[in-house]
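Take a look at the structure set out below.
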Amino acid sequence: MKAIVCKKYGSPDVLELKEVKQPIPNDNEVLIRVYATSVKYGDIVARNFREISPRKFNMPLLFWFFAKVYFGFRKPKITILGSEFAGEIESIGKDVKSFKPRDQVFGYLGQKMGAYAEYICMPEKGLLAKKPANMSYEEATVVPYGAIMALNLLRKVNVDSGQKVLINGASGGIGSAAIQIAKYFGAVVTGVCSTPRIEYVKSLGADKAIDYNKVDFTKNGETYDLIFDILGKSSFSRCKGSLKENGHYLLASFKIKQLFQMLCTSIIGSKKVVCALANEKAEDLIFLKEIMEEGKIKSVIDRCYPLEQTAQAHHYVETGLKKGDVVIII
């Protein structure tokens, strides 16, 4: 089968189209013909992980060390990138009960990756679900990562109807999903992003979009029940005045300092810092499929590239100009 292979760390030019051995499903696995995958932040990091220092890494030092061990210090251990996919089941193992050949599916492979290929194997109980009937393969493939993360994290602070929520980093994979899921829960949502992505954030359903190049949301007098900082670009000290009493400052990426703040605010004060990791479950993906079919989550695709142009897709994502998701068609 054809796959995009990454044998060394570096620029997008290290990605090469190769012939590799097609996987064979175990008794509890399905073999999936991949029709579409995506280029996400994790793919960019994994491709060039040699250059990711502890300072650049968005999590504590210990997490960075474990990631280095997993991905490889000098050269990649994960040679086929891609964590999201959509496709069709080609065959199933003898113990598989929930799926059958020709089922249209989508899912998330997590850190083991492998979706930049014509075929993948996936456990029946993995993060795999039937594709939403109202979405194409391209539309479905860009949802799982960001939506699963956003759903898990928003549940940890019990987002509810009528609450005011600000999402800092609203145009990325997690941020764009967080807008739509918070709206599904009935929140009034403000998204913070750069100038070129204002209209994109509004198109996702945000009640208000703030251009961080023009307005400092911590100084505009507005207060929120929740400030969700995706990449930790702000700080609790800056955001505290923009939180209502009993408000939460939620972080998807954090360092030791933020963990200490979470401990302190759990004891003192009404405004809380919450550092959270997502607990990925197959039932979450099934729930997301259902609300996608209700039209509550949509995909906005910027560009599509064929598999052989995956390097060009990575180059484009690294320009920072994308407005929506970038898809690789296989």
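If you're wondering about the labels, chains in the structure tokens are A, B, ... by order shown, residues count from 1 in each chain, ligands from 1 in order shown.
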Residue contacts of stretch 24-35 of chain A (9 Å, only C-alpha atoms) excluding same-chain residues fewer than 2 positions away, as a ChimeraX atom specification: /A:22,37,85-97,99-101,105,115-125,137-138,328-330
Selection: 6 Å around A:Tyr224, only C-alpha atoms, excl. self and same-chain fewer than 2 positions, as a ChimeraX atom specification: /A:164-165,226,243-244
Shell of 10 Å around A:Tyr9, only C-alpha atoms, local chain residues under 5 positions omitted, as a VMD selection string: chain A and resid 14 to 15 45 to 51 72 to 76 79
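You can rank A:Ala129, A:Val215, A:Cys264, A:Ala147 by their closest distance to A:Ser299 using only C-alpha atoms, and at the top of that list sits A:Ala147.
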Shortest interatomic distance to A:Leu251 - which of A:Thr319, A:Gln163, A:Ser266, A:Ser235, counting only C-alpha atoms: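 Counting only C-alpha atoms, the residue closest to A:Leu251 is A:Ser235.
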Nearby residues (only C-alpha atoms) at most 12 Å from A:Gly247, same-chain spacing under 2 positions excluded, as a short mmCIF file (atom, residue, chain, number, x, y, z; two decimals) with C-alpha atoms, in the first residue's frame:
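The resulting file, selection-v8.cif, is reproduced below:
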```
data_model
loop_
_atom_site.label_atom_id
_atom_site.label_comp_id
_atom_site.auth_asym_id
_atom_site.auth_seq_id
_atom_site.Cartn_x
_atom_site.Cartn_y
_atom_site.Cartn_z
CA VAL A 157 -16.26 22.59 34.26
CA ASN A 158 -19.95 21.79 33.65
CA VAL A 159 -20.67 24.36 30.96
CA GLN A 163 -23.16 30.93 30.83
CA LYS A 164 -20.73 33.34 29.22
CA VAL A 165 -17.72 31.50 27.77
CA LEU A 166 -14.60 32.99 26.21
CA THR A 223 -16.59 39.16 32.51
CA TYR A 224 -17.11 35.46 31.87
CA ASP A 225 -18.14 32.32 33.72
CA LEU A 226 -15.42 30.43 31.85
CA ILE A 227 -12.23 31.45 30.08
CA PHE A 228 -10.92 28.48 28.10
CA PHE A 236 -4.55 33.45 35.36
CA CYS A 239 -7.57 36.81 33.24
CA LYS A 240 -8.67 36.82 36.90
CA GLY A 241 -10.32 40.24 36.60
CA SER A 242 -12.32 39.01 33.59
CA LEU A 243 -13.79 36.07 35.52
CA LYS A 244 -17.08 36.26 37.37
CA GLU A 245 -17.30 35.03 40.94
CA TYR A 249 -9.89 29.52 34.01
CA LEU A 250 -9.58 26.28 32.00
CA THR A 265 -7.23 28.13 43.92
CA GLY A 269 -10.78 32.04 46.49
CA SER A 270 -13.90 31.58 44.38
CA LYS A 271 -12.16 31.74 40.99
CA LYS A 272 -10.58 28.44 40.00
CA VAL A 273 -7.76 27.36 37.71
CA VAL A 274 -8.50 24.01 36.05
#
```
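Residue nearest A:Gln111, chosen from A:Glu290, A:Glu19, A:Glu199, A:Asp43 and counting only C-alpha atoms: A:Asp43.
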Spatial neighbours of A:Ile286, max dist 9 Å, only C-alpha atoms, sep filter under 5 positions, as a list in words: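 The neighbour list is Leu127, Leu128, Ala129, Lys130 and Ile291 of chain A.
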Go ahead and save the picked residues with N, CA and C atoms, as an mmCIF file, in the first residue's frame.
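Generated file (part-v6.cif):
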```
data_model
loop_
_atom_site.group_PDB
_atom_site.id
_atom_site.type_symbol
_atom_site.label_atom_id
_atom_site.label_comp_id
_atom_site.auth_asym_id
_atom_site.auth_seq_id
_atom_site.Cartn_x
_atom_site.Cartn_y
_atom_site.Cartn_z
ATOM 1 N N LEU A 127 -11.390 4.305 19.306
ATOM 2 C CA LEU A 127 -12.132 5.540 19.025
ATOM 3 C C LEU A 127 -12.588 5.516 17.571
ATOM 4 N N LEU A 128 -13.626 4.720 17.347
ATOM 5 C CA LEU A 128 -14.140 4.439 16.016
ATOM 6 C C LEU A 128 -15.659 4.438 16.051
ATOM 7 N N ALA A 129 -16.276 5.066 15.049
ATOM 8 C CA ALA A 129 -17.734 5.124 14.991
ATOM 9 C C ALA A 129 -18.186 5.195 13.537
ATOM 10 N N LYS A 130 -19.470 4.908 13.322
ATOM 11 C CA LYS A 130 -20.046 5.088 11.984
ATOM 12 C C LYS A 130 -19.965 6.567 11.610
ATOM 13 N N ILE A 291 -24.653 14.427 17.375
ATOM 14 C CA ILE A 291 -24.917 15.874 17.296
ATOM 15 C C ILE A 291 -24.409 16.462 15.984
#
```
Per-residue DSSP, stretch 107-143 of chain A, filtered to alpha helix (DSSP H), as a count of residues only: 5
7 Å contact set for stretch 302-307 of chain A, only C-alpha atoms, chain neighbours under 5 positions out, as a VMD selection string: chain A and resid 313 322 to 330
Could you save the residues just selected, with N, CA, C and O atoms, as a CSV table (one decimal), in the first residue's frame?
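Once everything was written out, this is selection12.csv:
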```
chain,number,residue,atom,x,y,z
A,313,ALA,N,0.9,20.2,1.9
A,313,ALA,CA,-0.1,20.5,2.9
A,313,ALA,C,0.5,21.0,4.2
A,313,ALA,O,0.0,21.9,4.8
A,322,LYS,N,-4.1,29.4,7.1
A,322,LYS,CA,-5.3,28.5,6.9
A,322,LYS,C,-6.5,29.1,7.7
A,322,LYS,O,-6.4,29.6,8.8
A,323,LYS,N,-7.6,29.0,7.0
A,323,LYS,CA,-8.9,29.4,7.6
A,323,LYS,C,-9.8,28.2,7.6
A,323,LYS,O,-10.6,28.0,6.7
A,324,GLY,N,-9.7,27.3,8.5
A,324,GLY,CA,-10.4,26.0,8.5
A,324,GLY,C,-9.4,24.9,8.5
A,324,GLY,O,-8.2,25.1,8.7
A,325,ASP,N,-9.9,23.7,8.2
A,325,ASP,CA,-9.0,22.5,8.2
A,325,ASP,C,-8.4,22.2,6.9
A,325,ASP,O,-8.9,22.6,5.8
A,326,VAL,N,-7.3,21.5,7.0
A,326,VAL,CA,-6.6,21.1,5.8
A,326,VAL,C,-6.7,19.5,5.7
A,326,VAL,O,-6.3,18.9,6.7
A,327,VAL,N,-7.2,19.0,4.6
A,327,VAL,CA,-7.5,17.6,4.4
A,327,VAL,C,-6.6,17.0,3.4
A,327,VAL,O,-6.2,17.6,2.4
A,328,ILE,N,-6.2,15.7,3.7
A,328,ILE,CA,-5.4,14.9,2.7
A,328,ILE,C,-6.4,13.8,2.2
A,328,ILE,O,-6.9,13.1,3.0
A,329,ILE,N,-6.5,13.8,0.9
A,329,ILE,CA,-7.4,12.8,0.3
A,329,ILE,C,-6.6,11.6,-0.2
A,329,ILE,O,-5.6,11.8,-0.9
A,330,ILE,N,-7.0,10.4,0.2
A,330,ILE,CA,-6.3,9.2,-0.2
A,330,ILE,C,-7.1,8.4,-1.2
A,330,ILE,O,-8.2,8.0,-0.9
```
DSSP strand (DSSP E or B) residues within stretch 108-148 of chain A, as an MDAnalysis selection string: chainID A and resid 108 117 119:123 128:130
For A:Gly114, the nearest of the candidates A:Lys77, A:Lys281, A:Lys289, A:Arg55, counting only C-alpha atoms: A:Lys77
Separation of atom CA of A:Ala177 from atom CA of A:Ala206, in Å and rounded to one decimal: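 Between these atoms lies a distance of 10.9 Å.
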